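*Asks:* Sending over target-v1.cif (mmCIF, N, CA and C atoms and all ligand atoms).
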data_data
#
loop_
_atom_site.label_atom_id
_atom_site.label_comp_id
_atom_site.auth_asym_id
_atom_site.auth_seq_id
_atom_site.Cartn_x
_atom_site.Cartn_y
_atom_site.Cartn_z
N MET A 1 -7.32 134.96 -71.62
CA MET A 1 -7.20 133.52 -71.81
C MET A 1 -6.40 132.90 -70.67
N SER A 2 -6.89 131.83 -70.11
CA SER A 2 -6.11 131.20 -69.06
C SER A 2 -6.07 129.69 -69.26
N SER A 3 -4.95 129.12 -68.90
CA SER A 3 -4.80 127.68 -69.06
C SER A 3 -5.51 126.94 -67.94
N ARG A 4 -5.67 125.65 -68.09
CA ARG A 4 -6.26 124.81 -67.07
C ARG A 4 -5.46 124.93 -65.78
N ARG A 5 -4.14 125.01 -65.93
CA ARG A 5 -3.26 125.12 -64.78
C ARG A 5 -3.54 126.39 -63.97
N ASP A 6 -3.70 127.51 -64.72
CA ASP A 6 -4.01 128.78 -64.06
C ASP A 6 -5.36 128.72 -63.35
N ARG A 7 -6.31 128.08 -64.00
CA ARG A 7 -7.65 127.99 -63.41
C ARG A 7 -7.63 127.18 -62.12
N ILE A 8 -6.90 126.07 -62.14
CA ILE A 8 -6.82 125.24 -60.93
C ILE A 8 -6.14 126.02 -59.81
N ARG A 9 -5.05 126.70 -60.14
CA ARG A 9 -4.34 127.48 -59.12
C ARG A 9 -5.25 128.56 -58.54
N ALA A 10 -5.98 129.26 -59.43
CA ALA A 10 -6.87 130.34 -58.98
C ALA A 10 -8.00 129.79 -58.10
N LYS A 11 -8.52 128.63 -58.49
CA LYS A 11 -9.59 128.01 -57.72
C LYS A 11 -9.11 127.66 -56.31
N ILE A 12 -7.91 127.13 -56.22
CA ILE A 12 -7.35 126.76 -54.91
C ILE A 12 -7.04 128.02 -54.09
N MET A 13 -6.37 128.98 -54.73
CA MET A 13 -5.94 130.17 -53.98
C MET A 13 -7.12 131.01 -53.49
N SER A 14 -8.29 130.89 -54.12
CA SER A 14 -9.45 131.66 -53.67
C SER A 14 -9.94 131.17 -52.30
N ARG A 15 -9.51 129.99 -51.89
CA ARG A 15 -9.94 129.47 -50.58
C ARG A 15 -8.76 129.27 -49.64
N VAL A 16 -7.67 129.98 -49.90
CA VAL A 16 -6.48 129.84 -49.06
C VAL A 16 -6.27 131.10 -48.23
N ARG A 17 -5.87 130.90 -46.98
CA ARG A 17 -5.49 132.01 -46.12
C ARG A 17 -3.99 131.89 -45.90
N ILE A 18 -3.25 132.94 -46.25
CA ILE A 18 -1.81 132.88 -46.07
C ILE A 18 -1.45 133.32 -44.65
N ASP A 19 -0.80 132.42 -43.92
CA ASP A 19 -0.43 132.72 -42.54
C ASP A 19 0.84 133.57 -42.55
N PRO A 20 0.75 134.80 -42.03
CA PRO A 20 1.90 135.71 -42.10
C PRO A 20 3.08 135.24 -41.23
N VAL A 21 2.82 134.41 -40.25
CA VAL A 21 3.89 133.96 -39.36
C VAL A 21 4.62 132.75 -39.93
N THR A 22 3.87 131.70 -40.28
CA THR A 22 4.49 130.47 -40.74
C THR A 22 4.70 130.42 -42.24
N GLY A 23 4.01 131.29 -42.99
CA GLY A 23 4.09 131.25 -44.45
C GLY A 23 3.23 130.16 -45.05
N CYS A 24 2.48 129.44 -44.20
CA CYS A 24 1.62 128.37 -44.69
C CYS A 24 0.46 128.94 -45.50
N TRP A 25 0.10 128.19 -46.55
CA TRP A 25 -1.11 128.52 -47.31
C TRP A 25 -2.20 127.62 -46.78
N GLU A 26 -2.96 128.13 -45.83
CA GLU A 26 -3.94 127.31 -45.14
C GLU A 26 -5.27 127.23 -45.86
N TRP A 27 -5.69 126.02 -46.11
CA TRP A 27 -6.95 125.76 -46.81
C TRP A 27 -8.12 126.10 -45.88
N THR A 28 -9.07 126.87 -46.40
CA THR A 28 -10.22 127.26 -45.58
C THR A 28 -11.49 126.55 -46.04
N GLY A 29 -11.38 125.70 -47.04
CA GLY A 29 -12.53 124.95 -47.55
C GLY A 29 -12.74 123.67 -46.75
N PRO A 30 -13.49 122.73 -47.30
CA PRO A 30 -13.77 121.47 -46.59
C PRO A 30 -12.52 120.61 -46.38
N ASP A 31 -12.56 119.77 -45.33
CA ASP A 31 -11.46 118.81 -45.15
C ASP A 31 -12.03 117.41 -45.00
N SER A 32 -11.13 116.47 -44.76
CA SER A 32 -11.54 115.07 -44.76
C SER A 32 -12.14 114.62 -43.43
N GLY A 33 -12.49 115.54 -42.55
CA GLY A 33 -13.18 115.19 -41.32
C GLY A 33 -12.26 115.02 -40.14
N LYS A 34 -12.88 114.71 -38.99
CA LYS A 34 -12.12 114.69 -37.76
C LYS A 34 -11.70 113.30 -37.31
N ASN A 35 -12.13 112.27 -38.05
CA ASN A 35 -11.85 110.91 -37.62
C ASN A 35 -11.00 110.14 -38.62
N GLY A 36 -10.32 109.13 -38.10
CA GLY A 36 -9.60 108.19 -38.96
C GLY A 36 -8.20 108.65 -39.28
N ARG A 37 -7.49 107.79 -39.97
CA ARG A 37 -6.09 107.98 -40.29
C ARG A 37 -5.85 109.17 -41.21
N GLY A 38 -6.75 109.37 -42.15
CA GLY A 38 -6.55 110.43 -43.13
C GLY A 38 -7.25 111.72 -42.77
N LYS A 39 -7.49 111.90 -41.46
CA LYS A 39 -8.28 113.06 -41.03
C LYS A 39 -7.55 114.39 -41.21
N GLY A 40 -8.34 115.42 -41.36
CA GLY A 40 -7.79 116.77 -41.33
C GLY A 40 -7.04 117.22 -42.57
N TYR A 41 -7.17 116.48 -43.69
CA TYR A 41 -6.51 116.91 -44.92
C TYR A 41 -7.50 117.69 -45.79
N PRO A 42 -7.00 118.70 -46.49
CA PRO A 42 -7.89 119.53 -47.31
C PRO A 42 -8.47 118.77 -48.50
N ARG A 43 -9.74 119.01 -48.76
CA ARG A 43 -10.45 118.33 -49.85
C ARG A 43 -11.13 119.35 -50.73
N MET A 44 -11.19 119.03 -52.02
CA MET A 44 -11.96 119.87 -52.94
C MET A 44 -12.49 119.01 -54.07
N SER A 45 -13.39 119.60 -54.83
CA SER A 45 -13.94 118.90 -55.97
C SER A 45 -13.28 119.44 -57.23
N LEU A 46 -12.74 118.52 -58.05
CA LEU A 46 -12.06 118.92 -59.27
C LEU A 46 -12.52 117.98 -60.39
N ASP A 47 -13.10 118.55 -61.43
CA ASP A 47 -13.64 117.74 -62.53
C ASP A 47 -14.58 116.65 -62.01
N GLY A 48 -15.39 117.00 -61.00
CA GLY A 48 -16.37 116.05 -60.48
C GLY A 48 -15.81 115.00 -59.54
N GLN A 49 -14.52 115.09 -59.24
CA GLN A 49 -13.90 114.14 -58.31
C GLN A 49 -13.44 114.84 -57.06
N THR A 50 -13.50 114.12 -55.92
CA THR A 50 -12.98 114.68 -54.69
C THR A 50 -11.49 114.37 -54.61
N VAL A 51 -10.69 115.42 -54.46
CA VAL A 51 -9.24 115.24 -54.42
C VAL A 51 -8.66 115.92 -53.18
N ALA A 52 -7.46 115.51 -52.80
CA ALA A 52 -6.74 116.17 -51.72
C ALA A 52 -6.12 117.44 -52.30
N VAL A 53 -6.41 118.58 -51.69
CA VAL A 53 -6.01 119.85 -52.29
C VAL A 53 -4.49 120.01 -52.36
N HIS A 54 -3.77 119.58 -51.30
CA HIS A 54 -2.32 119.77 -51.32
C HIS A 54 -1.67 118.96 -52.44
N ILE A 55 -2.29 117.81 -52.78
CA ILE A 55 -1.75 116.99 -53.87
C ILE A 55 -2.10 117.61 -55.23
N ALA A 56 -3.36 118.09 -55.34
CA ALA A 56 -3.77 118.74 -56.59
C ALA A 56 -2.90 119.97 -56.87
N MET A 57 -2.64 120.74 -55.83
CA MET A 57 -1.82 121.94 -55.97
C MET A 57 -0.39 121.59 -56.37
N TRP A 58 0.15 120.58 -55.71
CA TRP A 58 1.55 120.20 -55.97
C TRP A 58 1.72 119.70 -57.40
N THR A 59 0.84 118.79 -57.83
CA THR A 59 0.98 118.24 -59.18
C THR A 59 0.68 119.31 -60.23
N ASN A 60 -0.18 120.25 -59.88
CA ASN A 60 -0.47 121.34 -60.81
C ASN A 60 0.79 122.19 -61.07
N GLU A 61 1.61 122.36 -60.04
CA GLU A 61 2.83 123.17 -60.17
C GLU A 61 4.02 122.36 -60.69
N HIS A 62 4.17 121.13 -60.19
CA HIS A 62 5.40 120.39 -60.46
C HIS A 62 5.23 119.14 -61.32
N GLY A 63 3.99 118.70 -61.50
CA GLY A 63 3.77 117.52 -62.33
C GLY A 63 3.57 116.25 -61.53
N TYR A 64 3.57 115.17 -62.27
CA TYR A 64 3.26 113.83 -61.77
C TYR A 64 4.18 113.38 -60.62
N ILE A 65 3.60 112.68 -59.64
CA ILE A 65 4.38 112.14 -58.53
C ILE A 65 4.68 110.66 -58.78
N PRO A 66 5.97 110.31 -58.90
CA PRO A 66 6.32 108.90 -59.16
C PRO A 66 5.84 107.97 -58.03
N GLY A 67 5.62 106.70 -58.34
CA GLY A 67 5.06 105.73 -57.42
C GLY A 67 5.77 105.58 -56.09
N LYS A 68 7.10 105.74 -56.10
CA LYS A 68 7.83 105.53 -54.85
C LYS A 68 7.94 106.79 -54.00
N LYS A 69 7.36 107.86 -54.50
CA LYS A 69 7.43 109.12 -53.77
C LYS A 69 6.06 109.48 -53.22
N GLU A 70 6.06 110.27 -52.17
CA GLU A 70 4.81 110.82 -51.68
C GLU A 70 5.04 112.22 -51.14
N LEU A 71 3.93 112.90 -50.84
CA LEU A 71 4.07 114.27 -50.36
C LEU A 71 4.06 114.29 -48.84
N ASP A 72 4.90 115.11 -48.28
CA ASP A 72 4.98 115.24 -46.83
C ASP A 72 4.80 116.70 -46.46
N HIS A 73 4.07 116.93 -45.37
CA HIS A 73 3.96 118.30 -44.85
C HIS A 73 5.17 118.57 -43.97
N ALA A 74 6.20 119.18 -44.54
CA ALA A 74 7.39 119.50 -43.76
C ALA A 74 7.05 120.51 -42.66
N CYS A 75 6.02 121.33 -42.88
CA CYS A 75 5.61 122.32 -41.87
C CYS A 75 4.67 121.71 -40.83
N ARG A 76 4.31 120.43 -41.00
CA ARG A 76 3.44 119.69 -40.09
C ARG A 76 2.05 120.31 -39.95
N ASN A 77 1.67 121.10 -40.91
CA ASN A 77 0.33 121.69 -40.93
C ASN A 77 -0.45 121.02 -42.06
N ARG A 78 -1.33 120.09 -41.70
CA ARG A 78 -2.03 119.29 -42.70
C ARG A 78 -2.88 120.11 -43.65
N LEU A 79 -3.31 121.28 -43.22
CA LEU A 79 -4.17 122.09 -44.08
C LEU A 79 -3.37 122.97 -45.03
N CYS A 80 -2.04 122.91 -44.92
CA CYS A 80 -1.19 123.73 -45.78
C CYS A 80 -1.14 123.14 -47.18
N VAL A 81 -1.29 123.98 -48.21
CA VAL A 81 -1.26 123.50 -49.59
C VAL A 81 -0.13 124.15 -50.39
N ARG A 82 0.80 124.84 -49.71
CA ARG A 82 1.87 125.55 -50.40
C ARG A 82 2.85 124.55 -51.04
N PRO A 83 2.96 124.56 -52.38
CA PRO A 83 3.74 123.52 -53.06
C PRO A 83 5.23 123.84 -53.11
N GLU A 84 5.81 124.14 -51.97
CA GLU A 84 7.22 124.52 -51.92
C GLU A 84 7.94 123.83 -50.77
N LYS A 85 9.26 123.80 -50.88
CA LYS A 85 10.12 123.24 -49.87
C LYS A 85 9.79 123.86 -48.50
N ASP A 86 9.91 123.09 -47.45
CA ASP A 86 9.56 123.48 -46.08
C ASP A 86 8.05 123.52 -45.83
N HIS A 87 7.25 123.26 -46.87
CA HIS A 87 5.80 123.13 -46.67
C HIS A 87 5.40 121.76 -47.20
N VAL A 88 4.85 121.72 -48.43
CA VAL A 88 4.55 120.41 -49.00
C VAL A 88 5.72 119.99 -49.88
N GLU A 89 6.40 118.94 -49.46
CA GLU A 89 7.60 118.47 -50.16
C GLU A 89 7.40 117.06 -50.67
N MET A 90 8.04 116.73 -51.80
CA MET A 90 8.01 115.35 -52.27
C MET A 90 9.18 114.60 -51.64
N VAL A 91 8.86 113.49 -50.99
CA VAL A 91 9.90 112.68 -50.35
C VAL A 91 9.66 111.21 -50.71
N THR A 92 10.63 110.36 -50.43
CA THR A 92 10.39 108.93 -50.62
C THR A 92 9.52 108.44 -49.47
N ARG A 93 8.84 107.31 -49.68
CA ARG A 93 8.02 106.72 -48.62
C ARG A 93 8.83 106.51 -47.35
N LYS A 94 10.07 106.05 -47.55
CA LYS A 94 10.94 105.76 -46.42
C LYS A 94 11.22 107.02 -45.60
N GLU A 95 11.55 108.08 -46.30
CA GLU A 95 11.83 109.36 -45.65
C GLU A 95 10.59 109.86 -44.90
N ASN A 96 9.43 109.71 -45.50
CA ASN A 96 8.20 110.17 -44.89
C ASN A 96 7.92 109.40 -43.59
N ALA A 97 8.13 108.08 -43.62
CA ALA A 97 7.91 107.25 -42.42
C ALA A 97 8.88 107.67 -41.32
N LYS A 98 10.11 107.95 -41.70
CA LYS A 98 11.13 108.37 -40.73
C LYS A 98 10.73 109.69 -40.07
N ARG A 99 10.26 110.62 -40.89
CA ARG A 99 9.85 111.92 -40.34
C ARG A 99 8.67 111.79 -39.39
N ARG A 100 7.71 110.90 -39.77
CA ARG A 100 6.55 110.70 -38.90
C ARG A 100 6.99 110.17 -37.54
N GLU A 101 7.93 109.21 -37.59
CA GLU A 101 8.45 108.60 -36.37
C GLU A 101 9.14 109.65 -35.49
N GLN A 102 9.92 110.50 -36.11
CA GLN A 102 10.61 111.56 -35.36
C GLN A 102 9.62 112.52 -34.73
N ALA A 103 8.57 112.85 -35.48
CA ALA A 103 7.56 113.78 -34.95
C ALA A 103 6.87 113.17 -33.75
N LYS A 104 6.59 111.85 -33.84
CA LYS A 104 5.92 111.15 -32.75
C LYS A 104 6.80 111.14 -31.50
N ARG A 105 8.09 110.83 -31.71
CA ARG A 105 9.02 110.79 -30.57
C ARG A 105 9.12 112.15 -29.90
N GLY A 106 9.13 113.20 -30.73
CA GLY A 106 9.21 114.55 -30.19
C GLY A 106 8.02 114.84 -29.29
N MET A 107 6.86 114.35 -29.70
CA MET A 107 5.62 114.56 -28.97
C MET A 107 5.66 113.83 -27.62
N ILE A 108 6.18 112.60 -27.63
CA ILE A 108 6.24 111.82 -26.40
C ILE A 108 7.15 112.51 -25.39
N GLY A 109 8.29 112.98 -25.86
CA GLY A 109 9.22 113.68 -24.97
C GLY A 109 8.57 114.90 -24.36
N HIS A 110 7.74 115.54 -25.15
CA HIS A 110 7.12 116.78 -24.69
C HIS A 110 6.03 116.52 -23.64
N ASN A 111 5.20 115.51 -23.90
CA ASN A 111 4.05 115.30 -23.02
C ASN A 111 4.29 114.28 -21.91
N GLY A 112 5.06 113.23 -22.22
CA GLY A 112 5.16 112.15 -21.25
C GLY A 112 6.58 111.92 -20.75
N GLY A 113 7.50 112.80 -21.11
CA GLY A 113 8.89 112.62 -20.71
C GLY A 113 9.13 112.98 -19.26
N PRO A 114 10.36 112.77 -18.79
CA PRO A 114 10.66 113.09 -17.40
C PRO A 114 10.55 114.59 -17.13
N ARG A 115 10.15 114.92 -15.96
CA ARG A 115 10.00 116.31 -15.56
C ARG A 115 11.39 116.94 -15.47
N LEU A 116 11.49 118.15 -15.94
CA LEU A 116 12.79 118.82 -15.88
C LEU A 116 13.00 119.40 -14.48
N GLU A 117 14.18 119.13 -13.94
CA GLU A 117 14.52 119.69 -12.63
C GLU A 117 15.40 120.91 -12.86
N CYS A 118 15.20 121.90 -12.11
CA CYS A 118 16.05 123.07 -12.23
C CYS A 118 17.29 122.86 -11.38
N GLU A 119 18.46 122.91 -12.04
CA GLU A 119 19.69 122.60 -11.32
C GLU A 119 20.46 123.84 -10.90
N GLU A 120 19.87 124.96 -11.20
CA GLU A 120 20.57 126.18 -10.86
C GLU A 120 20.53 126.40 -9.35
N VAL A 121 21.66 126.70 -8.77
CA VAL A 121 21.72 126.93 -7.31
C VAL A 121 21.99 128.41 -7.05
N LEU A 122 21.15 128.98 -6.26
CA LEU A 122 21.34 130.40 -5.93
C LEU A 122 22.41 130.54 -4.87
N GLN A 123 23.32 131.45 -5.06
CA GLN A 123 24.42 131.63 -4.10
C GLN A 123 24.17 132.86 -3.26
ZN ZN A 201 3.01 125.06 -44.57
#
Could you show the structure in this file as structure tokens?

*Replies:*
Amino acid sequence: MSSRRDRIRAKIMSRVRIDPVTGCWEWTGPDSGKNGRGKGYPRMSLDGQTVAVHIAMWTNEHGYIPGKKELDHACRNRLCVRPEKDHVEMVTRKENAKRREQAKRGMIGHNGGPRLECEEVLQ
């Protein structure tokens, strides 16, 4: 005998690849496509509806998400569905926006920032 919760978890885990390096539970099923704002998020069909897998997994484990909260990929891997801290975390909208901004700034520094000069002098 298995509960609905167990069935949903089993259904999700049957299409997950666990990354031994990052610990991410990477979704190997369909995603939301390559274009647009919501691109690259895992999708599945549940009770005849298309849902985001990381959200379905999280609510299946932890329950309802209050209106002012949302889920953030702390591991920055959109295909990750692991419902635990450092992967898919529940944060406030404000916190999520702040994290996105920080990630963007990090990217700019990496790709478009000033070139590093080597200051070491050989004697
Ligand atoms: Zn992850």

*Asks:* Here is a test: counting only C-alpha atoms, which residue of A:His87, A:Trp25, A:Leu46, A:Gly67 is nearest to Lys11 of chain A?

*Replies:*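 Result for the nearest residue to Lys11 of chain A: A:Leu46.
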
*Asks:* Hey, could you make a per-residue contact list for chain A against ligand ZN 201 (chain A) with 8 Å as the cut-off, showing the nearest pair of atoms and its distance in Å to one decimal, counting only N, CA and C atoms and all ligand atoms, sorted by chain and number, as a Markdown table?

*Replies:*
| residue | atom | partner | partner_atom | distance |
| --- | --- | --- | --- | --- |
| A:Thr22 | C | A:ZN201 | ZN | 6.1 |
| A:Gly23 | C | A:ZN201 | ZN | 5.1 |
| A:Cys24 | CA | A:ZN201 | ZN | 3.6 |
| A:Trp25 | N | A:ZN201 | ZN | 4.7 |
| A:Glu26 | N | A:ZN201 | ZN | 6.8 |
| A:His73 | CA | A:ZN201 | ZN | 6.8 |
| A:Ala74 | C | A:ZN201 | ZN | 6.4 |
| A:Cys75 | CA | A:ZN201 | ZN | 4.6 |
| A:Arg76 | N | A:ZN201 | ZN | 6.0 |
| A:Asn77 | N | A:ZN201 | ZN | 5.6 |
| A:Arg78 | N | A:ZN201 | ZN | 7.2 |
| A:Leu79 | C | A:ZN201 | ZN | 6.7 |
| A:Cys80 | CA | A:ZN201 | ZN | 4.6 |
| A:Val81 | N | A:ZN201 | ZN | 5.7 |
| A:Arg82 | N | A:ZN201 | ZN | 5.6 |
| A:Pro83 | N | A:ZN201 | ZN | 7.8 |
| A:Glu84 | N | A:ZN201 | ZN | 8.0 |
| A:Lys85 | C | A:ZN201 | ZN | 7.9 |
| A:Asp86 | C | A:ZN201 | ZN | 5.4 |
| A:His87 | CA | A:ZN201 | ZN | 4.0 |
| A:Val88 | N | A:ZN201 | ZN | 5.4 |

*Asks:* As JSON, numbers by chain, list the residues of chain A assigned to helix (DSSP H, G or I) by DSSP on the backbone atoms of this structure.

*Replies:* {"A": [4, 5, 6, 7, 8, 9, 10, 11, 12, 13, 53, 54, 55, 56, 57, 58, 59, 60, 61, 62, 93, 94, 95, 96, 97, 98, 99, 100, 101, 102, 103, 104, 105, 106, 107, 108, 109, 110, 111, 112]}

*Asks:* Would you mind reading off the distance between atom N of Lys98 of chain A and atom C of His54 of chain A, one decimal, in Å?

*Replies:* 19.4 Å

*Asks:* Would you please work out which residue, of A:Lys39, A:His62, A:Lys68, A:Arg105, is nearest to Val91 of chain A when using all atoms listed in the file?

*Replies:*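 Nearest to Val91 of chain A: A:Lys68.
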
*Asks:* Work out how far apart atom N of Met90 of chain A and atom N of Trp58 of chain A are and give it in Å to one decimal.

*Replies:*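 Going from atom N of Met90 of chain A over to atom N of Trp58 of chain A covers 9.6 Å.
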
*Asks:* Which distance in Å separates atom N of Glu95 of chain A and atom N of Gly36 of chain A, to one decimal?

*Replies:*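 So the two atoms, atom N of Glu95 of chain A and atom N of Gly36 of chain A, lie 23.4 Å apart.
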
*Asks:* Any chance you could work out the axis-aligned box around segment 20-30 of chain A, listed atoms only, 4 Å on each side, giving centre and edge lengths in Å to one decimal, as AutoDock Vina command-line options?

*Replies:*
--center_x -4.5 --center_y 128.2 --center_z -43.5 --size_x 26.5 --size_y 23.1 --size_z 16.2

*Asks:* With all atoms listed in the file as the atoms that count, which of A:Val53, A:Leu71, A:Ala103, A:Ile65 lies nearest to Ile12 of chain A?

*Replies:*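 Of A:Val53, A:Leu71, A:Ala103, A:Ile65, the one nearest Ile12 of chain A is A:Val53, counting all atoms listed in the file.
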
*Asks:* Leaving out Pro30 of chain A and any residue of its chain fewer than 6 positions from it, which residues lie within 7 Å of it when counting only N, CA and C atoms, given as a VMD selection string?

*Replies:* chain A and resid 41 to 44
